[in-house]
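Source file entry_27.pdb; content: PDB, C-alpha atoms (C1' of nucleotides).
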ATOM      1  CA  MET D   1       0.000   0.000   0.000
ATOM      2  CA  SER D   2       1.287   3.438  -0.899
ATOM      3  CA  LYS D   3       0.463   5.644   2.038
ATOM      4  CA  SER D   4       2.304   8.391   3.773
ATOM      5  CA  LEU D   5       4.530   7.338   6.622
ATOM      6  CA  VAL D   6       2.517   9.181   9.192
ATOM      7  CA  VAL D   7      -0.902   7.591   9.102
ATOM      8  CA  LEU D   8      -3.665   9.479  10.859
ATOM      9  CA  SER D   9      -7.105   8.032  11.296
ATOM     10  CA  PRO D  10     -10.003  10.255  10.299
ATOM     11  CA  ALA D  11     -10.678  10.770  13.990
ATOM     12  CA  GLU D  12      -7.147  11.976  14.600
ATOM     13  CA  THR D  13      -7.213  14.312  11.654
ATOM     14  CA  ALA D  14     -10.544  15.850  12.556
ATOM     15  CA  ALA D  15     -10.201  16.223  16.278
ATOM     16  CA  CYS D  16      -8.939  19.618  17.236
ATOM     17  CA  CYS D  17      -9.571  23.277  17.732
ATOM     18  CA  SER D  18     -12.398  25.450  18.840
ATOM     19  CA  PRO D  19     -16.019  24.428  19.142
ATOM     20  CA  LEU D  20     -18.728  24.935  16.572
ATOM     21  CA  SER D  21     -20.111  28.061  18.128
ATOM     22  CA  ARG D  22     -16.851  29.930  18.469
ATOM     23  CA  GLU D  23     -16.148  30.556  14.835
ATOM     24  CA  PRO D  24     -17.411  29.332  11.491
ATOM     25  CA  LEU D  25     -16.156  25.887  10.625
ATOM     26  CA  SER D  26     -14.049  25.804   7.496
ATOM     27  CA  ARG D  27     -15.301  23.719   4.671
ATOM     28  CA  ALA D  28     -12.268  21.468   4.884
ATOM     29  CA  ARG D  29     -12.737  20.819   8.554
ATOM     30  CA  ALA D  30     -16.452  20.230   8.173
ATOM     31  CA  GLU D  31     -15.609  17.575   5.620
ATOM     32  CA  GLN D  32     -13.226  15.947   8.055
ATOM     33  CA  VAL D  33     -15.619  15.923  10.971
ATOM     34  CA  ALA D  34     -18.834  14.971   9.190
ATOM     35  CA  PRO D  35     -17.763  11.382   8.458
ATOM     36  CA  LEU D  36     -17.043  10.861  12.136
ATOM     37  CA  LEU D  37     -20.508  12.005  13.061
ATOM     38  CA  LYS D  38     -21.950   9.950  10.266
ATOM     39  CA  ALA D  39     -20.250   6.886  11.670
ATOM     40  CA  LEU D  40     -21.871   7.592  15.015
ATOM     41  CA  ALA D  41     -25.232   8.582  13.588
ATOM     42  CA  ASP D  42     -26.814   5.164  13.572
ATOM     43  CA  PRO D  43     -28.665   3.571  16.467
ATOM     44  CA  VAL D  44     -26.854   0.273  16.113
ATOM     45  CA  ARG D  45     -23.426   1.882  15.925
ATOM     46  CA  LEU D  46     -24.195   4.181  18.821
ATOM     47  CA  ARG D  47     -25.049   1.182  20.956
ATOM     48  CA  LEU D  48     -22.001  -0.695  19.706
ATOM     49  CA  MET D  49     -19.751   2.203  20.683
ATOM     50  CA  SER D  50     -21.433   2.398  24.040
ATOM     51  CA  LEU D  51     -21.214  -1.342  24.623
ATOM     52  CA  VAL D  52     -17.532  -1.398  23.791
ATOM     53  CA  ALA D  53     -16.699   1.768  25.689
ATOM     54  CA  SER D  54     -18.524   0.700  28.816
ATOM     55  CA  HIS D  55     -17.425  -2.909  28.707
ATOM     56  CA  ALA D  56     -15.176  -4.341  31.370
ATOM     57  CA  GLY D  57     -11.532  -3.826  30.435
ATOM     58  CA  GLY D  58     -12.484  -1.166  27.900
ATOM     59  CA  GLU D  59     -12.766  -3.709  25.163
ATOM     60  CA  ALA D  60     -15.183  -6.293  23.853
ATOM     61  CA  CYS D  61     -15.038  -9.044  21.300
ATOM     62  CA  VAL D  62     -17.557  -9.404  18.536
ATOM     63  CA  CYS D  63     -19.078 -12.380  20.286
ATOM     64  CA  ASP D  64     -19.924 -10.178  23.261
ATOM     65  CA  LEU D  65     -21.547  -7.611  21.031
ATOM     66  CA  ALA D  66     -23.507  -9.553  18.465
ATOM     67  CA  ASP D  67     -25.860 -11.060  21.026
ATOM     68  CA  ALA D  68     -27.164  -7.670  22.054
ATOM     69  CA  PHE D  69     -28.755  -7.171  18.668
ATOM     70  CA  ASP D  70     -31.404  -8.775  16.599
ATOM     71  CA  LEU D  71     -29.239  -8.543  13.525
ATOM     72  CA  SER D  72     -27.165 -10.937  11.491
ATOM     73  CA  GLN D  73     -23.505 -11.290  12.319
ATOM     74  CA  PRO D  74     -22.321  -9.794   9.024
ATOM     75  CA  THR D  75     -24.405  -6.717   9.720
ATOM     76  CA  ILE D  76     -22.732  -6.240  13.090
ATOM     77  CA  SER D  77     -19.408  -6.823  11.415
ATOM     78  CA  HIS D  78     -20.253  -4.150   8.879
ATOM     79  CA  HIS D  79     -21.082  -1.594  11.551
ATOM     80  CA  LEU D  80     -17.925  -2.371  13.458
ATOM     81  CA  LYS D  81     -15.967  -1.856  10.276
ATOM     82  CA  VAL D  82     -17.526   1.556   9.769
ATOM     83  CA  LEU D  83     -16.626   2.558  13.315
ATOM     84  CA  HIS D  84     -13.133   1.173  12.929
ATOM     85  CA  GLU D  85     -12.436   2.864   9.633
ATOM     86  CA  SER D  86     -13.607   6.195  10.928
ATOM     87  CA  GLY D  87     -11.121   5.866  13.761
ATOM     88  CA  LEU D  88     -13.591   5.517  16.580
ATOM     89  CA  LEU D  89     -12.787   1.896  17.365
ATOM     90  CA  ASP D  90      -9.469   0.100  17.545
ATOM     91  CA  ARG D  91      -9.362  -3.505  16.489
ATOM     92  CA  GLU D  92      -7.101  -6.262  17.643
ATOM     93  CA  LYS D  93      -7.172  -9.937  16.828
ATOM     94  CA  ARG D  94      -6.211 -12.315  19.603
ATOM     95  CA  GLY D  95      -6.523 -15.953  18.747
ATOM     96  CA  VAL D  96      -9.873 -16.660  17.233
ATOM     97  CA  TRP D  97     -11.441 -13.547  18.626
ATOM     98  CA  VAL D  98     -11.371  -9.953  17.499
ATOM     99  CA  TYR D  99     -11.458  -7.317  20.173
ATOM    100  CA  TYR D 100     -12.622  -3.771  19.710
ATOM    101  CA  ARG D 101     -11.651  -0.875  21.906
ATOM    102  CA  ALA D 102     -13.152   2.605  21.949
ATOM    103  CA  ARG D 103     -10.920   5.535  21.142
ATOM    104  CA  THR D 104     -12.098   7.700  23.953
ATOM    105  CA  THR D 105      -9.866  10.560  22.926
ATOM    106  CA  ALA D 106     -11.607  10.656  19.570
ATOM    107  CA  LEU D 107     -14.969  10.758  21.307
ATOM    108  CA  SER D 108     -13.814  13.458  23.670
ATOM    109  CA  SER D 109     -12.508  15.750  21.012
ATOM    110  CA  LEU D 110     -15.619  15.228  18.931
ATOM    111  CA  ALA D 111     -17.636  16.201  21.965
ATOM    112  CA  ALA D 112     -15.430  19.218  22.531
ATOM    113  CA  LEU D 113     -16.042  20.352  18.990
ATOM    114  CA  ILE D 114     -19.809  20.012  19.095
ATOM    115  CA  GLY D 115     -20.348  21.919  22.264
ATOM    116  CA  ASP D 116     -18.659  23.256  25.281
ATOM    117  CA  PRO D 117     -19.355  21.025  28.236
ATOM    118  CA  VAL D 118     -22.470  21.921  30.174
ATOM    119  CA  ARG D 119     -21.767  23.475  33.487
TER     120      ARG D 119
ATOM    121  CA  MET R   1     -52.694  19.588  14.725
ATOM    122  CA  SER R   2     -53.313  16.897  17.269
ATOM    123  CA  LYS R   3     -50.227  16.812  19.426
ATOM    124  CA  SER R   4     -49.707  16.458  23.110
ATOM    125  CA  LEU R   5     -49.711  19.652  25.082
ATOM    126  CA  VAL R   6     -46.102  19.317  26.062
ATOM    127  CA  VAL R   7     -44.163  19.334  22.834
ATOM    128  CA  LEU R   8     -40.562  18.265  23.038
ATOM    129  CA  SER R   9     -38.231  18.525  20.113
ATOM    130  CA  PRO R  10     -36.124  15.491  19.298
ATOM    131  CA  ALA R  11     -33.179  17.298  20.796
ATOM    132  CA  GLU R  12     -34.990  17.881  24.049
ATOM    133  CA  THR R  13     -36.163  14.304  24.278
ATOM    134  CA  ALA R  14     -32.772  12.817  23.562
ATOM    135  CA  ALA R  15     -30.550  15.080  25.584
ATOM    136  CA  CYS R  16     -29.906  13.700  28.994
ATOM    137  CA  CYS R  17     -28.125  11.276  31.213
ATOM    138  CA  SER R  18     -24.762   9.629  31.365
ATOM    139  CA  PRO R  19     -22.217   9.521  28.563
ATOM    140  CA  LEU R  20     -21.698   6.718  26.104
ATOM    141  CA  SER R  21     -18.844   5.142  27.967
ATOM    142  CA  ARG R  22     -20.468   4.981  31.369
ATOM    143  CA  GLU R  23     -23.073   2.373  30.635
ATOM    144  CA  PRO R  24     -24.571   0.699  27.584
ATOM    145  CA  LEU R  25     -27.004   2.897  25.763
ATOM    146  CA  SER R  26     -30.512   1.510  25.655
ATOM    147  CA  ARG R  27     -31.960   0.786  22.294
ATOM    148  CA  ALA R  28     -34.683   3.356  22.809
ATOM    149  CA  ARG R  29     -32.245   6.086  23.671
ATOM    150  CA  ALA R  30     -29.946   5.212  20.816
ATOM    151  CA  GLU R  31     -32.895   5.649  18.510
ATOM    152  CA  GLN R  32     -33.589   9.057  19.991
ATOM    153  CA  VAL R  33     -30.034  10.296  19.746
ATOM    154  CA  ALA R  34     -29.065   8.914  16.358
ATOM    155  CA  PRO R  35     -31.326  11.269  14.363
ATOM    156  CA  LEU R  36     -29.708  14.227  16.078
ATOM    157  CA  LEU R  37     -26.280  13.050  15.075
ATOM    158  CA  LYS R  38     -27.539  12.278  11.616
ATOM    159  CA  ALA R  39     -28.765  15.831  11.296
ATOM    160  CA  LEU R  40     -25.309  17.044  12.204
ATOM    161  CA  ALA R  41     -23.452  14.476  10.150
ATOM    162  CA  ASP R  42     -23.282  16.417   6.928
ATOM    163  CA  PRO R  43     -20.556  18.893   6.005
ATOM    164  CA  VAL R  44     -23.033  21.493   4.831
ATOM    165  CA  ARG R  45     -25.178  21.229   7.925
ATOM    166  CA  LEU R  46     -22.172  21.274  10.202
ATOM    167  CA  ARG R  47     -21.053  24.511   8.642
ATOM    168  CA  LEU R  48     -24.573  25.898   8.769
ATOM    169  CA  MET R  49     -24.798  25.143  12.486
ATOM    170  CA  SER R  50     -21.427  26.707  13.022
ATOM    171  CA  LEU R  51     -22.265  29.767  10.967
ATOM    172  CA  VAL R  52     -25.485  30.328  12.855
ATOM    173  CA  ALA R  53     -24.029  29.577  16.262
ATOM    174  CA  SER R  54     -21.046  31.834  15.788
ATOM    175  CA  HIS R  55     -22.930  34.622  14.035
ATOM    176  CA  ALA R  56     -23.281  38.001  15.660
ATOM    177  CA  GLY R  57     -26.359  38.056  17.863
ATOM    178  CA  GLY R  58     -26.524  34.294  17.901
ATOM    179  CA  GLU R  59     -28.755  34.230  14.888
ATOM    180  CA  ALA R  60     -28.543  34.485  11.140
ATOM    181  CA  CYS R  61     -31.013  34.800   8.318
ATOM    182  CA  VAL R  62     -30.985  32.540   5.303
ATOM    183  CA  CYS R  63     -29.621  35.350   3.179
ATOM    184  CA  ASP R  64     -26.551  35.499   5.400
ATOM    185  CA  LEU R  65     -26.012  31.789   5.095
ATOM    186  CA  ALA R  66     -26.697  30.902   1.500
ATOM    187  CA  ASP R  67     -23.812  32.934   0.148
ATOM    188  CA  ALA R  68     -21.266  30.857   2.016
ATOM    189  CA  PHE R  69     -22.063  27.836  -0.110
ATOM    190  CA  ASP R  70     -21.838  26.838  -3.694
ATOM    191  CA  LEU R  71     -25.288  25.314  -3.561
ATOM    192  CA  SER R  72     -28.718  26.311  -4.714
ATOM    193  CA  GLN R  73     -30.829  28.211  -2.247
ATOM    194  CA  PRO R  74     -33.486  25.468  -2.012
ATOM    195  CA  THR R  75     -30.764  23.060  -1.014
ATOM    196  CA  ILE R  76     -29.710  25.341   1.836
ATOM    197  CA  SER R  77     -33.329  25.658   2.827
ATOM    198  CA  HIS R  78     -33.587  21.898   2.893
ATOM    199  CA  HIS R  79     -30.599  21.526   5.201
ATOM    200  CA  LEU R  80     -31.931  24.222   7.501
ATOM    201  CA  LYS R  81     -35.198  22.361   7.661
ATOM    202  CA  VAL R  82     -33.455  19.171   8.682
ATOM    203  CA  LEU R  83     -31.607  20.986  11.451
ATOM    204  CA  HIS R  84     -34.771  22.733  12.552
ATOM    205  CA  GLU R  85     -36.879  19.593  12.644
ATOM    206  CA  SER R  86     -34.276  17.741  14.661
ATOM    207  CA  GLY R  87     -34.409  20.510  17.230
ATOM    208  CA  LEU R  88     -30.937  21.890  16.679
ATOM    209  CA  LEU R  89     -32.039  25.187  15.165
ATOM    210  CA  ASP R  90     -34.846  27.517  16.130
ATOM    211  CA  ARG R  91     -36.593  29.423  13.392
ATOM    212  CA  GLU R  92     -38.297  32.773  13.490
ATOM    213  CA  LYS R  93     -39.780  34.800  10.697
ATOM    214  CA  ARG R  94     -39.410  38.539  10.926
ATOM    215  CA  GLY R  95     -40.763  40.411   7.952
ATOM    216  CA  VAL R  96     -39.417  38.967   4.771
ATOM    217  CA  TRP R  97     -36.538  37.248   6.460
ATOM    218  CA  VAL R  98     -36.295  34.005   8.357
ATOM    219  CA  TYR R  99     -33.825  33.887  11.191
ATOM    220  CA  TYR R 100     -32.271  30.752  12.575
ATOM    221  CA  ARG R 101     -30.802  30.427  16.023
ATOM    222  CA  ALA R 102     -28.713  27.554  17.387
ATOM    223  CA  ARG R 103     -30.040  25.605  20.321
ATOM    224  CA  THR R 104     -26.806  25.564  22.220
ATOM    225  CA  THR R 105     -28.294  23.504  25.016
ATOM    226  CA  ALA R 106     -29.088  20.763  22.531
ATOM    227  CA  LEU R 107     -25.519  20.872  21.272
ATOM    228  CA  SER R 108     -24.116  20.836  24.775
ATOM    229  CA  SER R 109     -26.075  17.854  25.921
ATOM    230  CA  LEU R 110     -25.252  15.990  22.748
ATOM    231  CA  ALA R 111     -21.610  16.711  23.439
ATOM    232  CA  ALA R 112     -22.026  15.575  27.020
ATOM    233  CA  LEU R 113     -23.454  12.311  25.836
ATOM    234  CA  ILE R 114     -20.735  11.551  23.328
ATOM    235  CA  GLY R 115     -17.840  12.091  25.625
ATOM    236  CA  ASP R 116     -16.774  13.629  28.835
ATOM    237  CA  PRO R 117     -14.926  16.847  28.236
ATOM    238  CA  VAL R 118     -11.211  16.474  27.693
ATOM    239  CA  ARG R 119      -9.061  17.425  30.640
TER     240      ARG R 119
ATOM    241  C1'  DC L   1     -53.530  45.580  -7.065
ATOM    242  C1'  DG L   2     -49.193  44.174  -9.429
ATOM    243  C1'  DA L   3     -44.289  43.625  -9.113
ATOM    244  C1'  DT L   4     -40.448  42.268  -6.495
ATOM    245  C1'  DT L   5     -37.897  39.768  -3.191
ATOM    246  C1'  DA L   6     -37.061  36.084   0.447
ATOM    247  C1'  DT L   7     -37.905  31.640   1.452
ATOM    248  C1'  DT L   8     -40.200  27.180   1.223
ATOM    249  C1'  DT L   9     -42.298  23.267  -1.115
ATOM    250  C1'  DC L  10     -42.568  19.928  -4.920
ATOM    251  C1'  DG L  11     -41.044  16.400  -8.013
ATOM    252  C1'  DA L  12     -37.320  14.090 -10.068
ATOM    253  C1'  DT L  13     -32.931  11.752 -10.015
ATOM    254  C1'  DA L  14     -28.420   9.863  -8.910
ATOM    255  C1'  DG L  15     -25.905   8.037  -5.317
ATOM    256  C1'  DC L  16     -25.417   6.219  -0.740
ATOM    257  C1'  DT L  17     -26.565   2.862   3.155
ATOM    258  C1'  DG L  18     -28.411  -0.817   6.196
ATOM    259  C1'  DT L  19     -29.624  -5.341   5.812
ATOM    260  C1'  DC L  20     -29.559 -10.010   4.224
ATOM    261  C1'  DT L  21     -27.607 -14.561   2.354
ATOM    262  C1'  DA L  22     -23.787 -16.906   0.683
ATOM    263  C1'  DT L  23     -19.075 -17.495   0.772
ATOM    264  C1'  DG L  24     -14.227 -16.817   2.127
ATOM    265  C1'  DT L  25     -10.354 -16.644   5.559
ATOM    266  C1'  DC L  26      -8.005 -17.817   9.537
ATOM    267  C1'  DT L  27      -7.333 -20.170  13.849
ATOM    268  C1'  DT L  28      -7.794 -23.970  16.904
ATOM    269  C1'  DC L  29      -8.592 -28.677  18.027
ATOM    270  C1'  DG L  30      -8.780 -33.671  17.428
TER     271       DG L  30
ATOM    272  C1'  DC M   1      -5.005 -33.067   7.584
ATOM    273  C1'  DG M   2      -9.928 -32.164   8.182
ATOM    274  C1'  DA M   3     -13.675 -30.228  10.803
ATOM    275  C1'  DA M   4     -15.514 -26.536  13.490
ATOM    276  C1'  DG M   5     -15.910 -21.938  15.034
ATOM    277  C1'  DA M   6     -15.207 -16.735  14.784
ATOM    278  C1'  DC M   7     -15.189 -13.205  11.971
ATOM    279  C1'  DA M   8     -14.839 -10.679   7.413
ATOM    280  C1'  DT M   9     -15.998  -9.963   2.596
ATOM    281  C1'  DA M  10     -18.974 -10.004  -1.602
ATOM    282  C1'  DG M  11     -23.041  -9.176  -3.962
ATOM    283  C1'  DA M  12     -27.835  -7.901  -4.086
ATOM    284  C1'  DC M  13     -31.716  -5.072  -2.953
ATOM    285  C1'  DA M  14     -34.923  -1.740  -0.780
ATOM    286  C1'  DG M  15     -35.141   2.602   1.247
ATOM    287  C1'  DC M  16     -33.155   6.940   2.234
ATOM    288  C1'  DT M  17     -30.905  11.521   0.930
ATOM    289  C1'  DA M  18     -28.467  15.457  -1.266
ATOM    290  C1'  DT M  19     -29.121  18.015  -4.998
ATOM    291  C1'  DC M  20     -31.412  20.514  -8.664
ATOM    292  C1'  DG M  21     -34.924  23.427 -11.292
ATOM    293  C1'  DA M  22     -39.615  24.874 -11.220
ATOM    294  C1'  DA M  23     -43.351  26.487  -8.849
ATOM    295  C1'  DA M  24     -45.792  28.089  -4.591
ATOM    296  C1'  DT M  25     -46.200  31.204  -0.600
ATOM    297  C1'  DA M  26     -45.691  35.309   1.785
ATOM    298  C1'  DA M  27     -44.334  39.969   2.767
ATOM    299  C1'  DT M  28     -43.165  44.563   1.153
ATOM    300  C1'  DC M  29     -43.269  48.429  -1.857
ATOM    301  C1'  DG M  30     -44.973  51.526  -5.373
TER     302       DG M  30
END

So that I can check it, write out the structure of this file as structure tokens.
Amino acid sequence: MSKSLVVLSPAETAACCSPLSREPLSRARAEQVAPLLKALADPVRLRLMSLVASHAGGEACVCDLADAFDLSQPTISHHLKVLHESGLLDREKRGVWVYYRARTTALSSLAALIGDPVR
Amino acid sequence: MSKSLVVLSPAETAACCSPLSREPLSRARAEQVAPLLKALADPVRLRLMSLVASHAGGEACVCDLADAFDLSQPTISHHLKVLHESGLLDREKRGVWVYYRARTTALSSLAALIGDPVR
DNA sequence: CGATTATTTCGATAGCTGTCTATGTCTTCG
DNA sequence: CGAAGACATAGACAGCTATCGAAATAATCG
């Protein structure tokens, strides 16, 4: 694969800077951030993120996750792929199982962009 | 229209409670929150939100907004409608102009849900 | 009232997306 | 090696969505 040496996930590239309401978002930045939100903007993926993020040890394998849904395994796999490729989930294969781990920093900086924390 | 007396926008209904990583999101709540994120998960709408939220006086009329994009005016109107119907933008007509105002509380609680603020 | 201007609504279309079944890959176990 | 299990990929399909141009609505102005 012919990629640059420094590989940044979409989440890493998009996370930064001042919140939405401080100054107008540049077009470029909007196009970086939108895919992240799009990845999160699905009920199944939201729950997947939440399940992984709140799971013991900070990670969960697909087998832990699939049972929580009334969906086929490939569909879950698809959603996990979307979350992984957007940089919101890390993936690691250990033996037969694949473990996913939430990138909490990505979530935090997304949150920081959308709105200042409520006080 | 035959609606309940207490009318809550999607944003108001969805905004609440503990963040994603504290405990698994219920299916019902995921289905409330996802449409909000979906509304935000478009580069044009992200910029629209940002333009409105950061505009002088906290509000902006369509005429202020449309020029920032290389899109037809009906398209802008469509995106504003999506943001309005999801509860992220308030709308008020004054004379010939329609003014939009960001619901910062909706943004804040969305942010609070996605991730705890970075420290 | 008629013209003009700001904005929305309508109808159409191309492209994206969530889901499924079927199949492939990889690892472990006997 | 061969079978079984965990997960990913491929291909198909229905439903959604971003966009446009055309037309409707609504307010102002002469």

request  = Evaluate the PyMOL selection byres ((chain R) within 9 of (chain D)) here and jot the selected residues down as number ranges by chain.
outcome  = R: 19-55, 58, 102, 104-118

task = Please write the residues picked by the PyMOL selection byres ((chain R) within 12 of (chain M)) on this file as a list of chain:residue names.
result =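 Written out, the selection comes to R:Lys38, R:Ala39, R:Asp42, R:Pro43, R:Val44, R:Arg45, R:Asp70, R:Leu71, R:Ser72, R:Gln73, R:Pro74, R:Thr75, R:Ile76, R:Ser77, R:His78, R:His79, R:Val82, R:Lys93, R:Arg94, R:Gly95, R:Val96, R:Trp97, R:Val98.
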
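Applied to this file, the PyMOL selection byres ((chain L) within 9 of (chain D)) selects L:DG18, L:DT19, L:DC20, L:DC26, L:DT27, L:DT28.
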
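CA of Leu88 in chain D sits 8.5 Å away from CA of Arg101 in chain D.
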
Could you give me chain R least-squares fitted onto chain D (all C-alpha atoms, paired in order), as a compact mmCIF listing (two decimals) with C-alpha atoms, in the frame of the given file?
# COMPACT_ATOMS: atom_id res chain seq x y z
CA MET R 1 0.30 -0.21 0.49
CA SER R 2 1.56 3.17 -0.54
CA LYS R 3 0.65 5.49 2.28
CA SER R 4 2.48 8.29 3.97
CA LEU R 5 4.64 7.31 6.88
CA VAL R 6 2.54 9.20 9.36
CA VAL R 7 -0.88 7.63 9.20
CA LEU R 8 -3.67 9.52 10.86
CA SER R 9 -7.12 8.09 11.24
CA PRO R 10 -10.03 10.29 10.25
CA ALA R 11 -10.70 10.81 13.92
CA GLU R 12 -7.19 12.01 14.56
CA THR R 13 -7.23 14.35 11.61
CA ALA R 14 -10.57 15.89 12.48
CA ALA R 15 -10.26 16.23 16.21
CA CYS R 16 -8.99 19.60 17.19
CA CYS R 17 -9.59 23.25 17.70
CA SER R 18 -12.41 25.45 18.82
CA PRO R 19 -16.04 24.42 19.15
CA LEU R 20 -18.76 24.94 16.60
CA SER R 21 -20.12 28.07 18.19
CA ARG R 22 -16.86 29.94 18.53
CA GLU R 23 -16.19 30.58 14.88
CA PRO R 24 -17.50 29.35 11.54
CA LEU R 25 -16.24 25.94 10.65
CA SER R 26 -14.16 25.87 7.49
CA ARG R 27 -15.43 23.79 4.67
CA ALA R 28 -12.39 21.54 4.83
CA ARG R 29 -12.83 20.86 8.50
CA ALA R 30 -16.53 20.26 8.16
CA GLU R 31 -15.71 17.63 5.59
CA GLN R 32 -13.29 15.99 7.99
CA VAL R 33 -15.67 15.95 10.93
CA ALA R 34 -18.89 14.99 9.18
CA PRO R 35 -17.82 11.40 8.42
CA LEU R 36 -17.06 10.88 12.09
CA LEU R 37 -20.51 12.02 13.06
CA LYS R 38 -21.99 9.96 10.28
CA ALA R 39 -20.27 6.90 11.66
CA LEU R 40 -21.85 7.60 15.01
CA ALA R 41 -25.23 8.60 13.64
CA ASP R 42 -26.81 5.18 13.61
CA PRO R 43 -28.64 3.59 16.53
CA VAL R 44 -26.83 0.30 16.15
CA ARG R 45 -23.42 1.90 15.96
CA LEU R 46 -24.16 4.19 18.86
CA ARG R 47 -25.01 1.20 20.99
CA LEU R 48 -21.98 -0.68 19.72
CA MET R 49 -19.71 2.21 20.69
CA SER R 50 -21.36 2.39 24.06
CA LEU R 51 -21.15 -1.34 24.62
CA VAL R 52 -17.48 -1.41 23.77
CA ALA R 53 -16.62 1.75 25.67
CA SER R 54 -18.42 0.68 28.80
CA HIS R 55 -17.35 -2.96 28.66
CA ALA R 56 -15.10 -4.38 31.32
CA GLY R 57 -11.48 -3.85 30.37
CA GLY R 58 -12.42 -1.22 27.85
CA GLU R 59 -12.71 -3.75 25.11
CA ALA R 60 -15.13 -6.31 23.79
CA CYS R 61 -15.02 -9.06 21.22
CA VAL R 62 -17.58 -9.42 18.48
CA CYS R 63 -19.08 -12.40 20.24
CA ASP R 64 -19.87 -10.21 23.23
CA LEU R 65 -21.53 -7.63 21.04
CA ALA R 66 -23.54 -9.54 18.48
CA ASP R 67 -25.88 -11.04 21.03
CA ALA R 68 -27.16 -7.65 22.10
CA PHE R 69 -28.79 -7.12 18.73
CA ASP R 70 -31.48 -8.69 16.68
CA LEU R 71 -29.34 -8.49 13.58
CA SER R 72 -27.29 -10.90 11.57
CA GLN R 73 -23.66 -11.23 12.53
CA PRO R 74 -22.39 -9.88 9.18
CA THR R 75 -24.43 -6.77 9.77
CA ILE R 76 -22.75 -6.23 13.14
CA SER R 77 -19.42 -6.82 11.49
CA HIS R 78 -20.28 -4.20 8.93
CA HIS R 79 -21.11 -1.60 11.56
CA LEU R 80 -17.92 -2.38 13.46
CA LYS R 81 -15.99 -1.87 10.26
CA VAL R 82 -17.54 1.53 9.74
CA LEU R 83 -16.62 2.57 13.27
CA HIS R 84 -13.14 1.16 12.88
CA GLU R 85 -12.46 2.85 9.56
CA SER R 86 -13.62 6.20 10.88
CA GLY R 87 -11.11 5.88 13.69
CA LEU R 88 -13.58 5.52 16.53
CA LEU R 89 -12.77 1.89 17.31
CA ASP R 90 -9.46 0.09 17.47
CA ARG R 91 -9.35 -3.52 16.42
CA GLU R 92 -7.09 -6.30 17.55
CA LYS R 93 -7.18 -9.97 16.72
CA ARG R 94 -6.22 -12.35 19.47
CA GLY R 95 -6.56 -15.99 18.55
CA VAL R 96 -9.94 -16.66 17.09
CA TRP R 97 -11.47 -13.54 18.52
CA VAL R 98 -11.39 -9.95 17.40
CA TYR R 99 -11.45 -7.33 20.10
CA TYR R 100 -12.61 -3.79 19.65
CA ARG R 101 -11.61 -0.90 21.85
CA ALA R 102 -13.11 2.60 21.90
CA ARG R 103 -10.87 5.51 21.06
CA THR R 104 -12.04 7.68 23.89
CA THR R 105 -9.81 10.54 22.83
CA ALA R 106 -11.58 10.63 19.49
CA LEU R 107 -14.92 10.74 21.26
CA SER R 108 -13.76 13.43 23.63
CA SER R 109 -12.49 15.74 20.97
CA LEU R 110 -15.61 15.22 18.91
CA ALA R 111 -17.60 16.18 21.97
CA ALA R 112 -15.39 19.19 22.52
CA LEU R 113 -16.04 20.33 19.00
CA ILE R 114 -19.80 19.99 19.14
CA GLY R 115 -20.30 21.92 22.30
CA ASP R 116 -18.62 23.22 25.35
CA PRO R 117 -19.41 21.07 28.33
CA VAL R 118 -22.55 22.02 30.20
CA ARG R 119 -21.99 23.87 33.44

query = So what do you get for CA of Ala66 in chain R versus CA of Arg91 in chain R, distance-wise?
reply =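 Going from CA of Ala66 in chain R over to CA of Arg91 in chain R covers 15.5 Å.
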
Restore N, CA and C atoms in range 105-113 of chain R and list the result as a tab-separated table (two decimals), in the coordinates of the input.
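The file below, part.tsv, is the result:
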chain	number	residue	atom	x	y	z
R	105	THR	N	-28.10	24.53	23.99
R	105	THR	CA	-28.29	23.50	25.02
R	105	THR	C	-28.37	22.12	24.38
R	106	ALA	N	-29.02	22.05	23.23
R	106	ALA	CA	-29.09	20.76	22.53
R	106	ALA	C	-27.69	20.30	22.16
R	107	LEU	N	-26.89	21.22	21.64
R	107	LEU	CA	-25.52	20.87	21.27
R	107	LEU	C	-24.74	20.42	22.49
R	108	SER	N	-24.88	21.16	23.57
R	108	SER	CA	-24.12	20.84	24.78
R	108	SER	C	-24.46	19.46	25.30
R	109	SER	N	-25.74	19.14	25.32
R	109	SER	CA	-26.08	17.85	25.92
R	109	SER	C	-25.72	16.71	24.99
R	110	LEU	N	-25.76	16.98	23.70
R	110	LEU	CA	-25.25	15.99	22.75
R	110	LEU	C	-23.78	15.74	23.03
R	111	ALA	N	-23.05	16.82	23.16
R	111	ALA	CA	-21.61	16.71	23.44
R	111	ALA	C	-21.37	15.94	24.73
R	112	ALA	N	-22.19	16.24	25.72
R	112	ALA	CA	-22.03	15.58	27.02
R	112	ALA	C	-22.28	14.08	26.90
R	113	LEU	N	-23.17	13.72	26.02
R	113	LEU	CA	-23.45	12.31	25.84
R	113	LEU	C	-22.30	11.59	25.15
